[in-house]
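Student: My file is upload-v9.txt. It has compact mmCIF, C-alpha atoms (C1' of nucleotides):
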# COMPACT_ATOMS: atom_id res chain seq x y z
CA MET A 27 106.37 94.55 33.63
CA GLU A 28 107.49 96.85 36.40
CA CYS A 29 109.93 95.99 39.12
CA ALA A 30 108.03 93.55 41.30
CA SER A 31 109.78 94.43 44.55
CA GLU A 32 108.97 98.13 44.18
CA PHE A 33 105.39 97.21 43.53
CA LEU A 34 105.21 94.99 46.59
CA LYS A 35 106.89 97.58 48.77
CA ASP A 36 104.18 100.11 47.88
CA ARG A 37 101.47 97.58 48.56
CA LYS A 38 102.98 96.88 51.98
CA LYS A 39 103.03 100.57 52.79
CA GLU A 40 99.41 100.83 51.82
CA MET A 41 98.47 97.91 54.02
CA MET A 42 100.42 99.41 56.91
CA ALA A 43 98.64 102.70 56.43
CA ILE A 44 95.22 101.04 56.45
CA ASN A 45 96.20 99.19 59.59
CA ASP A 46 97.38 102.36 61.25
CA ALA A 47 94.14 104.09 60.44
CA MET A 48 91.99 101.21 61.60
CA ASP A 49 93.98 100.80 64.82
CA VAL A 50 93.11 104.35 65.70
CA LEU A 51 89.46 104.19 64.68
CA ASN A 52 88.55 100.66 65.56
CA GLY A 53 86.02 99.41 68.00
CA LYS A 54 82.37 100.06 68.44
CA TRP A 55 82.70 103.61 69.71
CA LYS A 56 85.60 105.74 68.48
CA ILE A 57 84.04 107.19 65.36
CA CYS A 58 80.80 107.90 67.19
CA ILE A 59 82.66 109.72 69.92
CA ILE A 60 84.66 111.76 67.44
CA SER A 61 81.52 112.49 65.47
CA SER A 62 79.78 113.72 68.60
CA ILE A 63 82.61 116.03 69.63
CA CYS A 64 82.99 117.23 66.07
CA TYR A 65 79.31 117.99 65.69
CA TYR A 66 79.10 120.11 68.81
CA ASN A 67 82.63 121.52 68.61
CA LYS A 68 83.13 121.25 72.36
CA ARG A 69 81.51 118.56 74.41
CA ARG A 70 81.57 117.43 78.03
CA PHE A 71 82.09 113.90 79.29
CA SER A 72 78.49 113.39 80.35
CA ASP A 73 77.18 114.88 77.12
CA ILE A 74 79.15 112.43 75.04
CA LEU A 75 77.94 109.69 77.36
CA ASN A 76 74.41 110.62 76.32
CA ASP A 77 75.18 111.14 72.64
CA VAL A 78 76.70 107.74 72.11
CA ALA A 79 73.90 105.27 72.68
CA GLY A 80 74.85 102.33 74.84
CA ILE A 81 78.36 103.30 75.87
CA SER A 82 79.35 102.95 79.54
CA ASN A 83 81.38 105.50 81.46
CA LYS A 84 84.19 103.00 81.74
CA MET A 85 84.36 102.55 77.99
CA LEU A 86 84.02 106.24 77.25
CA SER A 87 86.85 107.03 79.62
CA LYS A 88 89.09 104.42 78.02
CA GLU A 89 88.30 105.46 74.47
CA LEU A 90 88.85 109.15 75.15
CA LYS A 91 92.25 108.37 76.60
CA GLU A 92 93.22 106.49 73.48
CA LEU A 93 91.99 109.33 71.28
CA GLU A 94 94.02 111.74 73.36
CA ALA A 95 97.08 109.54 73.09
CA ASN A 96 96.68 109.62 69.33
CA LYS A 97 96.38 113.40 69.49
CA LEU A 98 92.94 113.44 67.92
CA VAL A 99 91.23 114.94 70.91
CA LYS A 100 92.18 117.62 73.41
CA ARG A 101 91.01 117.48 77.01
CA THR A 102 90.53 120.63 79.04
CA VAL A 103 89.62 120.77 82.71
CA LEU A 104 87.55 123.81 83.60
CA ASP A 105 87.86 125.23 87.08
CA THR A 106 84.22 124.94 88.09
CA GLN A 107 82.54 123.35 91.06
CA PRO A 108 82.22 120.43 90.48
CA VAL A 109 84.77 120.06 87.72
CA THR A 110 83.77 120.30 84.08
CA VAL A 111 85.83 118.67 81.38
CA GLN A 112 85.69 119.81 77.78
CA TYR A 113 86.71 117.64 74.89
CA GLU A 114 87.42 119.05 71.46
CA LEU A 115 89.09 117.86 68.29
CA THR A 116 92.67 118.81 67.60
CA ASP A 117 93.65 119.98 64.13
CA HIS A 118 94.82 116.47 63.49
CA GLY A 119 91.48 115.12 64.68
CA LYS A 120 89.67 117.43 62.32
CA THR A 121 91.39 115.79 59.37
CA LEU A 122 89.08 112.84 60.00
CA GLN A 123 86.13 114.94 58.87
CA THR A 124 86.16 113.58 55.31
CA ILE A 125 86.30 109.98 56.45
CA ILE A 126 83.44 110.48 58.87
CA THR A 127 81.32 112.14 56.22
CA ASN A 128 82.04 109.33 53.80
CA LEU A 129 81.27 106.69 56.38
CA THR A 130 77.99 108.37 57.25
CA GLU A 131 76.91 108.54 53.65
CA TRP A 132 78.04 105.03 52.93
CA GLY A 133 76.24 103.75 56.02
CA MET A 134 73.00 105.32 54.84
CA GLU A 135 73.32 103.78 51.40
CA HIS A 136 74.22 100.44 52.91
CA ARG A 137 71.17 100.50 55.13
CA LYS A 138 68.95 101.21 52.15
CA LYS A 139 70.49 98.51 50.00
CA ILE A 140 71.19 95.71 52.42
CA ILE A 141 69.64 96.15 55.81
CA GLY A 142 66.40 97.49 54.34
CA LYS A 143 64.20 100.09 55.93
CA ASN A 144 65.27 103.58 56.82
CA MET B 2 66.34 128.42 66.36
CA GLU B 3 65.25 125.41 64.34
CA CYS B 4 62.91 122.71 65.46
CA ALA B 5 64.93 120.78 68.02
CA SER B 6 63.27 117.42 67.46
CA GLU B 7 63.96 117.51 63.71
CA PHE B 8 67.53 118.34 64.47
CA LEU B 9 67.89 115.48 66.92
CA LYS B 10 66.22 113.04 64.55
CA ASP B 11 68.80 113.84 61.88
CA ARG B 12 71.61 113.44 64.35
CA LYS B 13 70.26 110.04 65.34
CA LYS B 14 70.11 108.95 61.73
CA GLU B 15 73.69 110.03 61.26
CA MET B 16 74.81 108.09 64.29
CA MET B 17 72.93 105.03 63.09
CA ALA B 18 74.57 105.33 59.70
CA ILE B 19 78.03 105.55 61.23
CA ASN B 20 77.25 102.52 63.35
CA ASP B 21 76.02 100.56 60.35
CA ALA B 22 79.15 101.38 58.44
CA MET B 23 81.44 100.52 61.33
CA ASP B 24 79.62 97.27 62.06
CA VAL B 25 80.37 96.16 58.54
CA LEU B 26 83.97 97.30 58.49
CA ASN B 27 85.06 96.72 62.03
CA GLY B 28 87.71 94.45 63.33
CA LYS B 29 91.36 94.11 62.60
CA TRP B 30 90.95 92.57 59.17
CA LYS B 31 87.92 93.53 57.08
CA ILE B 32 89.31 96.59 55.35
CA CYS B 33 92.58 94.83 54.65
CA ILE B 34 90.77 91.90 53.09
CA ILE B 35 88.61 94.16 50.97
CA SER B 36 91.64 96.17 49.98
CA SER B 37 93.44 93.03 48.91
CA ILE B 38 90.57 91.74 46.79
CA CYS B 39 90.01 95.19 45.35
CA TYR B 40 93.65 95.63 44.42
CA TYR B 41 93.91 92.37 42.52
CA ASN B 42 90.31 92.35 41.25
CA LYS B 43 89.98 88.60 41.82
CA ARG B 44 91.77 86.82 44.59
CA ARG B 45 91.89 83.30 45.96
CA PHE B 46 91.55 82.30 49.59
CA SER B 47 95.19 81.39 50.03
CA ASP B 48 96.34 84.54 48.26
CA ILE B 49 94.38 86.73 50.64
CA LEU B 50 95.78 84.66 53.49
CA ASN B 51 99.22 85.75 52.34
CA ASP B 52 98.29 89.35 51.59
CA VAL B 53 96.87 90.07 55.01
CA ALA B 54 99.79 89.79 57.40
CA GLY B 55 99.03 87.82 60.51
CA ILE B 56 95.53 86.60 59.78
CA SER B 57 94.69 82.95 60.44
CA ASN B 58 92.65 80.77 58.11
CA LYS B 59 89.95 80.57 60.73
CA MET B 60 89.64 84.33 60.93
CA LEU B 61 89.82 84.81 57.17
CA SER B 62 87.07 82.28 56.67
CA LYS B 63 84.87 83.98 59.23
CA GLU B 64 85.48 87.48 57.91
CA LEU B 65 84.83 86.50 54.30
CA LYS B 66 81.51 85.00 55.31
CA GLU B 67 80.50 88.21 56.99
CA LEU B 68 81.53 90.25 53.97
CA GLU B 69 79.49 87.91 51.79
CA ALA B 70 76.50 88.23 54.08
CA ASN B 71 76.76 91.99 53.70
CA LYS B 72 76.94 91.58 49.94
CA LEU B 73 80.30 93.26 49.65
CA VAL B 74 82.08 90.23 48.30
CA LYS B 75 81.13 87.49 45.86
CA ARG B 76 82.44 83.97 46.21
CA THR B 77 82.86 81.71 43.19
CA VAL B 78 83.94 78.10 43.29
CA LEU B 79 85.92 77.07 40.24
CA ASP B 80 85.72 73.50 39.09
CA THR B 81 89.40 72.65 39.30
CA GLN B 82 91.26 69.86 41.06
CA PRO B 83 91.65 70.65 43.89
CA VAL B 84 88.99 73.34 44.16
CA THR B 85 89.83 76.98 43.63
CA VAL B 86 87.74 79.72 45.14
CA GLN B 87 87.70 83.23 43.74
CA TYR B 88 86.65 86.23 45.72
CA GLU B 89 85.75 89.52 44.10
CA LEU B 90 83.99 92.69 45.10
CA THR B 91 80.34 93.19 44.25
CA ASP B 92 79.21 96.54 42.87
CA HIS B 93 78.15 97.39 46.37
CA GLY B 94 81.56 96.41 47.68
CA LYS B 95 83.21 98.66 45.13
CA THR B 96 81.44 101.65 46.62
CA LEU B 97 83.88 101.34 49.51
CA GLN B 98 86.70 102.40 47.21
CA THR B 99 86.58 106.04 48.31
CA ILE B 100 86.62 105.18 51.99
CA ILE B 101 89.54 102.83 51.56
CA THR B 102 91.51 105.42 49.63
CA ASN B 103 90.79 108.02 52.28
CA LEU B 104 91.76 105.67 55.08
CA THR B 105 95.00 104.79 53.34
CA GLU B 106 95.95 108.40 52.84
CA TRP B 107 94.91 109.35 56.36
CA GLY B 108 96.89 106.43 57.77
CA MET B 109 100.02 107.61 56.00
CA GLU B 110 99.62 111.14 57.31
CA HIS B 111 98.89 109.85 60.78
CA ARG B 112 102.02 107.74 60.77
CA LYS B 113 104.10 110.74 59.75
CA LYS B 114 102.59 113.03 62.35
CA ILE B 115 102.06 110.80 65.35
CA ILE B 116 103.74 107.46 65.11
CA GLY B 117 106.87 108.92 63.56
CA LYS B 118 109.07 107.16 61.02
CA ASN B 119 107.87 105.95 57.63
C1' DC C 23 80.52 116.05 87.31
C1' DA C 24 84.10 113.08 85.75
C1' DG C 25 85.91 109.61 86.33
C1' DT C 26 88.21 104.77 88.99
C1' DA C 27 88.02 100.17 90.95
C1' DT C 28 86.51 95.57 91.11
C1' DC C 29 84.14 91.54 89.82
C1' DC C 30 83.15 88.30 86.43
C1' DA C 31 80.73 86.13 82.36
C1' DA C 32 81.12 86.00 77.59
C1' DA C 33 83.38 86.55 73.41
C1' DG C 34 87.58 86.60 70.69
C1' DG C 35 90.92 84.44 68.51
C1' DG C 36 95.65 81.71 68.15
C1' DA C 37 97.56 76.94 67.56
C1' DT C 38 96.97 72.68 65.91
C1' DA C 39 94.92 69.01 63.60
C1' DC C 40 91.75 67.28 60.33
C1' DT C 41 88.54 66.85 55.82
C1' DG C 42 86.55 66.82 50.93
C1' DC D 11 93.32 74.22 47.97
C1' DA D 12 89.83 75.87 50.98
C1' DG D 13 88.17 75.48 54.57
C1' DT D 14 86.20 73.06 59.70
C1' DA D 15 86.67 71.50 64.36
C1' DT D 16 88.48 71.67 68.85
C1' DC D 17 91.07 73.15 72.65
C1' DC D 18 91.96 76.78 75.65
C1' DC D 19 94.03 81.00 77.15
C1' DT D 20 93.30 86.08 76.81
C1' DT D 21 90.82 90.09 76.29
C1' DT D 22 86.68 92.62 76.42
C1' DG D 23 83.36 95.09 78.46
C1' DG D 24 78.82 95.31 81.32
C1' DA D 25 77.11 96.04 86.14
C1' DT D 26 77.81 98.02 90.27
C1' DA D 27 79.87 100.71 93.65
C1' DC D 28 82.93 104.23 95.04
C1' DT D 29 85.94 108.96 95.02
C1' DG D 30 87.68 113.92 94.62
Is it possible to express this structure as structure tokens?
Tutor:
Amino acid sequence: MECASEFLKDRKKEMMAINDAMDVLNGKWKICIISSICYYNKRRFSDILNDVAGISNKMLSKELKELEANKLVKRTVLDTQPVTVQYELTDHGKTLQTIITNLTEWGMEHRKKIIGKN
Amino acid sequence: MECASEFLKDRKKEMMAINDAMDVLNGKWKICIISSICYYNKRRFSDILNDVAGISNKMLSKELKELEANKLVKRTVLDTQPVTVQYELTDHGKTLQTIITNLTEWGMEHRKKIIGKN
DNA sequence: CAGTATCCAAAGGGATACTG
DNA sequence: CAGTATCCCTTTGGATACTG
């Protein structure tokens, strides 16, 4: 048998990592927002508001700030009249691509198997 | 240019799929619980309670029920005194393996890059 | 357009105690 | 052991209105 404390230390790190990831992605909206920006490359506030069904401007604003704080999203104010704001993924944000793809595929399978109907 | 309505229909399906997946996995605990059961193959209620730092028995009970309802987890009552309850992943639950692995790895990278410290 | 501010009902979830 | 039940404070987030 291996050293139990080493084994537990690794497990703890794994759990921490999962928590870190989920903290960043959690909630009803984050992944959808990221997916929207990612899909269109650059996306304006009001566009995302339309893409993500059901989200309110208050929520969108809050979520985007959190994504910015986590350096997943970059916000650029364009000097137009009235102002336009572009959101795009940072390089770090783009590393979520795989996870989003996996989640999308898994969600489709899950719907087929459990929820029924497509 | 491709047919715009086909394009939008696909996008909608993708968003729905992401939502389905997130509905199932959302919250502070679900992935951690799944990860714990997955890691040990079979796991008892009180063991999971210990594995997942900070969770209360009330929460764990609620989350496990939801995971069962989504057919990700199977619950087996063993005829011991007092009762023992085993939780294990269903085949469907095991299909989350990839996502969990990806989340773990992404979480570690994220911690290095953004949160700082390991 | 891209947000902020405020109000407020509803849901979430911890602490504690209890049960088969 | 494996949960339930209850109390109760906190957070969440929708609706609406307003601003630069």
Student: Could you list, as a VMD selection string, every residue within 8 Å of A:Thr116, counting only C-alpha atoms (C1' of nucleotides) and ignoring same-chain residues fewer than 6 positions away?
Tutor: chain A and resid 97 to 100
Student: Could you check how far atom CA of A:Trp132 sits from atom CA of B:Ile35, in Å to one decimal?
Tutor: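 For atom CA of A:Trp132 relative to atom CA of B:Ile35, the distance reads 15.3 Å.
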Student: Compile the contact shell of C:DC40 as a list in words: residues with an atom at most 12 Å away, counting all atoms listed in the file, same-chain residues fewer than 6 positions apart removed.
Tutor: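 Non-adjacent residues within range: DG13, DT14, DA15 and DT16 of chain D.
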Student: Would you mind reading off the distance between atom C1' of D:DA27 and atom C1' of C:DC29, one decimal, in Å?
Tutor: 10.8 Å
Student: By how many Å are atom CA of B:Ser36 and atom CA of B:Glu67 apart?
Tutor: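 Interatomic distance here is 15.4 Å.
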Student: Output, as an mmCIF file with C-alpha atoms, keeping the file's coordinate frame, the coordinates of chain A following least-squares superposition onto chain B across all in-order C-alpha pairs.
Tutor:
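Result file result.cif:
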data_model
loop_
_atom_site.group_PDB
_atom_site.id
_atom_site.type_symbol
_atom_site.label_atom_id
_atom_site.label_comp_id
_atom_site.auth_asym_id
_atom_site.auth_seq_id
_atom_site.Cartn_x
_atom_site.Cartn_y
_atom_site.Cartn_z
ATOM 1 C CA MET A 27 66.273 128.387 66.438
ATOM 2 C CA GLU A 28 65.178 125.415 64.392
ATOM 3 C CA CYS A 29 62.873 122.684 65.541
ATOM 4 C CA ALA A 30 64.937 120.760 68.061
ATOM 5 C CA SER A 31 63.280 117.395 67.489
ATOM 6 C CA GLU A 32 63.946 117.514 63.744
ATOM 7 C CA PHE A 33 67.529 118.355 64.479
ATOM 8 C CA LEU A 34 67.901 115.478 66.910
ATOM 9 C CA LYS A 35 66.214 113.054 64.552
ATOM 10 C CA ASP A 36 68.799 113.845 61.864
ATOM 11 C CA ARG A 37 71.619 113.451 64.333
ATOM 12 C CA LYS A 38 70.264 110.043 65.339
ATOM 13 C CA LYS A 39 70.115 108.957 61.723
ATOM 14 C CA GLU A 40 73.685 110.030 61.257
ATOM 15 C CA MET A 41 74.808 108.089 64.293
ATOM 16 C CA MET A 42 72.916 105.029 63.085
ATOM 17 C CA ALA A 43 74.561 105.322 59.704
ATOM 18 C CA ILE A 44 78.035 105.545 61.231
ATOM 19 C CA ASN A 45 77.239 102.521 63.343
ATOM 20 C CA ASP A 46 76.012 100.588 60.350
ATOM 21 C CA ALA A 47 79.157 101.378 58.444
ATOM 22 C CA MET A 48 81.448 100.512 61.319
ATOM 23 C CA ASP A 49 79.595 97.265 62.040
ATOM 24 C CA VAL A 50 80.373 96.152 58.534
ATOM 25 C CA LEU A 51 83.986 97.307 58.481
ATOM 26 C CA ASN A 52 85.051 96.726 62.029
ATOM 27 C CA GLY A 53 87.712 94.476 63.360
ATOM 28 C CA LYS A 54 91.351 94.116 62.607
ATOM 29 C CA TRP A 55 90.945 92.573 59.175
ATOM 30 C CA LYS A 56 87.928 93.538 57.071
ATOM 31 C CA ILE A 57 89.319 96.593 55.338
ATOM 32 C CA CYS A 58 92.598 94.828 54.643
ATOM 33 C CA ILE A 59 90.779 91.907 53.100
ATOM 34 C CA ILE A 60 88.618 94.156 50.960
ATOM 35 C CA SER A 61 91.655 96.174 49.969
ATOM 36 C CA SER A 62 93.467 93.022 48.908
ATOM 37 C CA ILE A 63 90.598 91.725 46.788
ATOM 38 C CA CYS A 64 90.044 95.169 45.345
ATOM 39 C CA TYR A 65 93.678 95.619 44.421
ATOM 40 C CA TYR A 66 93.930 92.358 42.530
ATOM 41 C CA ASN A 67 90.348 92.329 41.243
ATOM 42 C CA LYS A 68 89.999 88.595 41.807
ATOM 43 C CA ARG A 69 91.787 86.810 44.578
ATOM 44 C CA ARG A 70 91.902 83.284 45.973
ATOM 45 C CA PHE A 71 91.553 82.275 49.603
ATOM 46 C CA SER A 72 95.206 81.382 50.054
ATOM 47 C CA ASP A 73 96.341 84.535 48.282
ATOM 48 C CA ILE A 74 94.382 86.723 50.644
ATOM 49 C CA LEU A 75 95.773 84.658 53.500
ATOM 50 C CA ASN A 76 99.227 85.747 52.364
ATOM 51 C CA ASP A 77 98.302 89.349 51.604
ATOM 52 C CA VAL A 78 96.883 90.079 55.010
ATOM 53 C CA ALA A 79 99.787 89.794 57.409
ATOM 54 C CA GLY A 80 99.021 87.828 60.533
ATOM 55 C CA ILE A 81 95.521 86.607 59.775
ATOM 56 C CA SER A 82 94.681 82.942 60.431
ATOM 57 C CA ASN A 83 92.637 80.767 58.107
ATOM 58 C CA LYS A 84 89.928 80.578 60.725
ATOM 59 C CA MET A 85 89.634 84.343 60.904
ATOM 60 C CA LEU A 86 89.817 84.815 57.159
ATOM 61 C CA SER A 87 87.052 82.296 56.653
ATOM 62 C CA LYS A 88 84.846 84.009 59.220
ATOM 63 C CA GLU A 89 85.466 87.496 57.893
ATOM 64 C CA LEU A 90 84.813 86.523 54.286
ATOM 65 C CA LYS A 91 81.499 85.018 55.298
ATOM 66 C CA GLU A 92 80.479 88.235 56.978
ATOM 67 C CA LEU A 93 81.526 90.257 53.940
ATOM 68 C CA GLU A 94 79.492 87.933 51.767
ATOM 69 C CA ALA A 95 76.503 88.261 54.055
ATOM 70 C CA ASN A 96 76.759 92.016 53.683
ATOM 71 C CA LYS A 97 76.933 91.583 49.917
ATOM 72 C CA LEU A 98 80.308 93.264 49.632
ATOM 73 C CA VAL A 99 82.075 90.232 48.293
ATOM 74 C CA LYS A 100 81.127 87.506 45.842
ATOM 75 C CA ARG A 101 82.435 83.970 46.203
ATOM 76 C CA THR A 102 82.880 81.727 43.195
ATOM 77 C CA VAL A 103 83.921 78.091 43.291
ATOM 78 C CA LEU A 104 85.915 77.048 40.249
ATOM 79 C CA ASP A 105 85.686 73.463 39.102
ATOM 80 C CA THR A 106 89.370 72.604 39.329
ATOM 81 C CA GLN A 107 91.214 69.822 41.069
ATOM 82 C CA PRO A 108 91.614 70.630 43.924
ATOM 83 C CA VAL A 109 88.977 73.319 44.185
ATOM 84 C CA THR A 110 89.831 76.964 43.641
ATOM 85 C CA VAL A 111 87.730 79.705 45.144
ATOM 86 C CA GLN A 112 87.695 83.212 43.737
ATOM 87 C CA TYR A 113 86.644 86.220 45.725
ATOM 88 C CA GLU A 114 85.758 89.508 44.094
ATOM 89 C CA LEU A 115 84.013 92.698 45.110
ATOM 90 C CA THR A 116 80.378 93.190 44.247
ATOM 91 C CA ASP A 117 79.229 96.527 42.862
ATOM 92 C CA HIS A 118 78.159 97.387 46.357
ATOM 93 C CA GLY A 119 81.586 96.418 47.664
ATOM 94 C CA LYS A 120 83.225 98.660 45.120
ATOM 95 C CA THR A 121 81.454 101.663 46.602
ATOM 96 C CA LEU A 122 83.888 101.336 49.502
ATOM 97 C CA GLN A 123 86.718 102.407 47.215
ATOM 98 C CA THR A 124 86.603 106.056 48.309
ATOM 99 C CA ILE A 125 86.631 105.185 51.986
ATOM 100 C CA ILE A 126 89.561 102.835 51.558
ATOM 101 C CA THR A 127 91.521 105.425 49.629
ATOM 102 C CA ASN A 128 90.809 108.022 52.278
ATOM 103 C CA LEU A 129 91.767 105.676 55.070
ATOM 104 C CA THR A 130 95.017 104.797 53.337
ATOM 105 C CA GLU A 131 95.955 108.409 52.862
ATOM 106 C CA TRP A 132 94.922 109.351 56.349
ATOM 107 C CA GLY A 133 96.880 106.429 57.785
ATOM 108 C CA MET A 134 100.016 107.600 56.011
ATOM 109 C CA GLU A 135 99.622 111.133 57.305
ATOM 110 C CA HIS A 136 98.896 109.847 60.778
ATOM 111 C CA ARG A 137 102.023 107.736 60.767
ATOM 112 C CA LYS A 138 104.104 110.730 59.757
ATOM 113 C CA LYS A 139 102.580 113.021 62.347
ATOM 114 C CA ILE A 140 102.069 110.795 65.342
ATOM 115 C CA ILE A 141 103.729 107.437 65.095
ATOM 116 C CA GLY A 142 106.863 108.914 63.530
ATOM 117 C CA LYS A 143 109.028 107.211 60.973
ATOM 118 C CA ASN A 144 107.871 106.026 57.601
#
Student: I need the chain C residues near chain A as a list in words; criterion: at most 10 Å, counting all atoms listed in the file.
Tutor: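 Residues passing the distance filter: DC23, DA24, DG25 and DT26 of chain C.
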Student: Residues of chain B near chain A: apply a cut-off of 10 Å, count all atoms listed in the file, and supply the list as a PyMOL selection string.
Tutor: chain B and resi 12-34+36-37+40+52-54+70-73+93-94+96-97+99-112+114-116+119
Student: Could the residues in this selection be saved with C-alpha atoms as an mmCIF file, in the frame of the given file?
Tutor:
data_model
loop_
_atom_site.group_PDB
_atom_site.id
_atom_site.type_symbol
_atom_site.label_atom_id
_atom_site.label_comp_id
_atom_site.auth_asym_id
_atom_site.auth_seq_id
_atom_site.Cartn_x
_atom_site.Cartn_y
_atom_site.Cartn_z
ATOM 1 C CA ARG B 12 71.610 113.440 64.350
ATOM 2 C CA LYS B 13 70.260 110.040 65.340
ATOM 3 C CA LYS B 14 70.110 108.950 61.730
ATOM 4 C CA GLU B 15 73.690 110.030 61.260
ATOM 5 C CA MET B 16 74.810 108.090 64.290
ATOM 6 C CA MET B 17 72.930 105.030 63.090
ATOM 7 C CA ALA B 18 74.570 105.330 59.700
ATOM 8 C CA ILE B 19 78.030 105.550 61.230
ATOM 9 C CA ASN B 20 77.250 102.520 63.350
ATOM 10 C CA ASP B 21 76.020 100.560 60.350
ATOM 11 C CA ALA B 22 79.150 101.380 58.440
ATOM 12 C CA MET B 23 81.440 100.520 61.330
ATOM 13 C CA ASP B 24 79.620 97.270 62.060
ATOM 14 C CA VAL B 25 80.370 96.160 58.540
ATOM 15 C CA LEU B 26 83.970 97.300 58.490
ATOM 16 C CA ASN B 27 85.060 96.720 62.030
ATOM 17 C CA GLY B 28 87.710 94.450 63.330
ATOM 18 C CA LYS B 29 91.360 94.110 62.600
ATOM 19 C CA TRP B 30 90.950 92.570 59.170
ATOM 20 C CA LYS B 31 87.920 93.530 57.080
ATOM 21 C CA ILE B 32 89.310 96.590 55.350
ATOM 22 C CA CYS B 33 92.580 94.830 54.650
ATOM 23 C CA ILE B 34 90.770 91.900 53.090
ATOM 24 C CA SER B 36 91.640 96.170 49.980
ATOM 25 C CA SER B 37 93.440 93.030 48.910
ATOM 26 C CA TYR B 40 93.650 95.630 44.420
ATOM 27 C CA ASP B 52 98.290 89.350 51.590
ATOM 28 C CA VAL B 53 96.870 90.070 55.010
ATOM 29 C CA ALA B 54 99.790 89.790 57.400
ATOM 30 C CA ALA B 70 76.500 88.230 54.080
ATOM 31 C CA ASN B 71 76.760 91.990 53.700
ATOM 32 C CA LYS B 72 76.940 91.580 49.940
ATOM 33 C CA LEU B 73 80.300 93.260 49.650
ATOM 34 C CA HIS B 93 78.150 97.390 46.370
ATOM 35 C CA GLY B 94 81.560 96.410 47.680
ATOM 36 C CA THR B 96 81.440 101.650 46.620
ATOM 37 C CA LEU B 97 83.880 101.340 49.510
ATOM 38 C CA THR B 99 86.580 106.040 48.310
ATOM 39 C CA ILE B 100 86.620 105.180 51.990
ATOM 40 C CA ILE B 101 89.540 102.830 51.560
ATOM 41 C CA THR B 102 91.510 105.420 49.630
ATOM 42 C CA ASN B 103 90.790 108.020 52.280
ATOM 43 C CA LEU B 104 91.760 105.670 55.080
ATOM 44 C CA THR B 105 95.000 104.790 53.340
ATOM 45 C CA GLU B 106 95.950 108.400 52.840
ATOM 46 C CA TRP B 107 94.910 109.350 56.360
ATOM 47 C CA GLY B 108 96.890 106.430 57.770
ATOM 48 C CA MET B 109 100.020 107.610 56.000
ATOM 49 C CA GLU B 110 99.620 111.140 57.310
ATOM 50 C CA HIS B 111 98.890 109.850 60.780
ATOM 51 C CA ARG B 112 102.020 107.740 60.770
ATOM 52 C CA LYS B 114 102.590 113.030 62.350
ATOM 53 C CA ILE B 115 102.060 110.800 65.350
ATOM 54 C CA ILE B 116 103.740 107.460 65.110
ATOM 55 C CA ASN B 119 107.870 105.950 57.630
#
Student: Quick check: residues of chain D within 12 Å of chain A, only C-alpha atoms (C1' of nucleotides), returned as a list in words.
Tutor: DT22, DG23, DG24, DA25, DT26 and DG30 of chain D
